[in-house]
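Colleague: Let me begin by handing over the structure; questions about it come next.
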There are 2 protein chains.
Amino acid sequence: METKEISQAVIGRLPRYLRYLGDLKDEGVERISSQELSELMKVTASQIRQDFNNFGGFGQQGYGYNVEYLYQEIGKILGLDQKHNFIIIGAGNLGRALGNYLNFERRGFIFKGMFDKNPDLVGEDVRGIKVMPMEELEHFVRENDIDIAVLTIPKNSAVNIVDVLVDNGIQAIWNFAHVDLNVPEGILVENVHLSDSLMKLSYNINRMSQGKK
Amino acid sequence: METKEISQAVIGRLPRYLRYLGDLKDEGVERISSQELSELMKVTASQIRQDFNNFGGFGQQGYGYNVEYLYQEIGKILGLDQKHNFIIIGAGNLGRALGNYLNFERRGFIFKGMFDKNPDLVGEDVRGIKVMPMEELEHFVRENDIDIAVLTIPKNSAVNIVDVLVDNGIQAIWNFAHVDLNVPEGILVENVHLSDSLMKLSYNINRMSQGKK
């Protein structure tokens, strides 16, 4: 596969393709045309063909795509055939929800450790992983080849922990704290700001109800 | 305020402005120039001015913006001065994490009820709200002026519950289920597909590590 630069917009659409292809696969569908996929996903067939052309097209269009092949190839592009160890910092409800989310393993993300500063939570079991105290974090990250830290802690704690994580070899942060993190170049951050999503919903609700008046 | 059409891209940026302005307010900052805000938020001052011009500009640029005023105005645009009752369907870890998230009330979202089909969870308390069985859902939504349903249930359950919600007056769905929901026109859906976000991270990690080779 060529490694030409693909836009983040295209990359951002790949997980949705993968989701639909996974469902089709589960339903036993073997081939699908771009037209059928278009109707299912409510995007134009031309968009689908353009997106796929970034990666060589994935097979003849007249005959349709092989669902299993397409699923595997998109998975490889997304790097889901690679394994990455991750830890979760913050053993509250959100941290536990993520720790219990089995799909991570299917995506190549291996849940290795969980940390919390609250002594009442230390020792609790989340899907076979015991919550550890923060004092053990640095050593654990260094010794266990941890690539990714998931942050489900308040914003001030998140800001303060970043340097420790980066110094000990973390390459990527999946950040649920309600703050933009400053990281050195080469360190990835993917933010999930739930509050921002909620506010967008709020805006659209109010706009819609104004339209009704 | 005029109700001209504002692009979703601009709307999508407003919550981030609000977040920074809230922090500035908490730090006691009264005025800020577009240049200072630009440095803080790492976007161009020109972008900030353009975004704000969609809403009349919010005051003189030479003298800087009044932080409190700007915070209030952006909040109003986002509809945060309006109240909306919401319920959470799914009392697992993610549902409980969202139920316990106090920021919702600050944003005008009032947590009214929680539902689960698992009898073991029924009766549990989440921030003063008792988890109810699914049989009570329809009646509760109708009688309590519920606008928003938060779905933290598996995808098949989510698909099956949509009609019931819409028939009983729900206007908007904040969907955490790993599926695109089909809703009638006029019903809002805001999706949080955590798995999509994780795959984007996966892609970028692999791309980065290929670059290092």
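Identifiers for the structure tokens are assigned positionally: chains receive A, B, ... in sequence, residues are indexed from 1 per chain, and ligands are indexed from 1 in the order shown.
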Could you name the residues that touch B:Asn100 at 12 Å or less, counting only C-alpha atoms, but leaving out those on the same chain fewer than 2 positions away, as an MDAnalysis selection string?
Modeller: (chainID A and resid 92:94) or (chainID B and resid 88 91 93:98 102:105 110:111 114 125:129)
Colleague: Once DSSP has gone over the backbone, tell me which residues of stretch 67-122 of chain A are in helix (DSSP H, G or I), as a PyMOL selection string.
Modeller: chain A and resi 67-77+93-99+103-106
Colleague: Of the residues B:Leu78, B:Ile32, B:Ile170, B:Leu198, which is the one nearest to chain A, using only C-alpha atoms?
Modeller: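 So, comparing all the options, the nearest one is B:Leu78.
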Colleague: Got a sec: who's within 12 Å of B:Lys42, counting only C-alpha atoms, leaving out chain neighbours fewer than 6 positions off, as a ChimeraX atom specification?
Modeller: /A:180-182 /B:16-17,20,34-36,48
Colleague: Using only N, CA and C atoms, please write the residues we just selected to a file, as a short mmCIF file (atom, residue, chain, number, x, y, z; two decimals), in the first residue's frame.
Modeller:
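Listed below is the output, result.cif:
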```
data_model
loop_
_atom_site.label_atom_id
_atom_site.label_comp_id
_atom_site.auth_asym_id
_atom_site.auth_seq_id
_atom_site.Cartn_x
_atom_site.Cartn_y
_atom_site.Cartn_z
N ASP A 180 -8.08 21.10 26.79
CA ASP A 180 -7.13 20.79 25.71
C ASP A 180 -5.76 20.59 26.33
N LEU A 181 -5.12 19.48 26.02
CA LEU A 181 -3.82 19.17 26.63
C LEU A 181 -2.67 19.71 25.78
N ASN A 182 -1.64 20.21 26.44
CA ASN A 182 -0.42 20.61 25.74
C ASN A 182 0.55 19.44 25.75
N ARG B 16 -15.96 25.24 22.50
CA ARG B 16 -14.56 25.39 22.89
C ARG B 16 -14.30 26.83 23.35
N TYR B 17 -14.87 27.80 22.64
CA TYR B 17 -14.75 29.18 23.12
C TYR B 17 -15.31 29.30 24.53
N TYR B 20 -12.96 27.92 27.21
CA TYR B 20 -11.84 28.81 27.54
C TYR B 20 -12.32 30.05 28.29
N SER B 34 -8.61 39.60 21.00
CA SER B 34 -8.67 38.44 20.11
C SER B 34 -7.27 37.84 19.95
N GLN B 35 -6.24 38.70 20.04
CA GLN B 35 -4.86 38.21 19.94
C GLN B 35 -4.50 37.31 21.12
N GLU B 36 -4.86 37.73 22.32
CA GLU B 36 -4.57 36.91 23.51
C GLU B 36 -5.35 35.59 23.47
N ILE B 48 -11.03 33.83 14.99
CA ILE B 48 -11.88 34.22 16.13
C ILE B 48 -12.80 35.37 15.72
#
```
Colleague: Got a sec to pull out which chain A residues are within 8 Å of chain B, counting only C-alpha atoms, and send them as a PyMOL selection string?
Modeller: chain A and resi 11-12+15-16+19+77-80+82+92-94+96-98+103-104+107+171-172+174+179+186+188-190+192+194-206+208
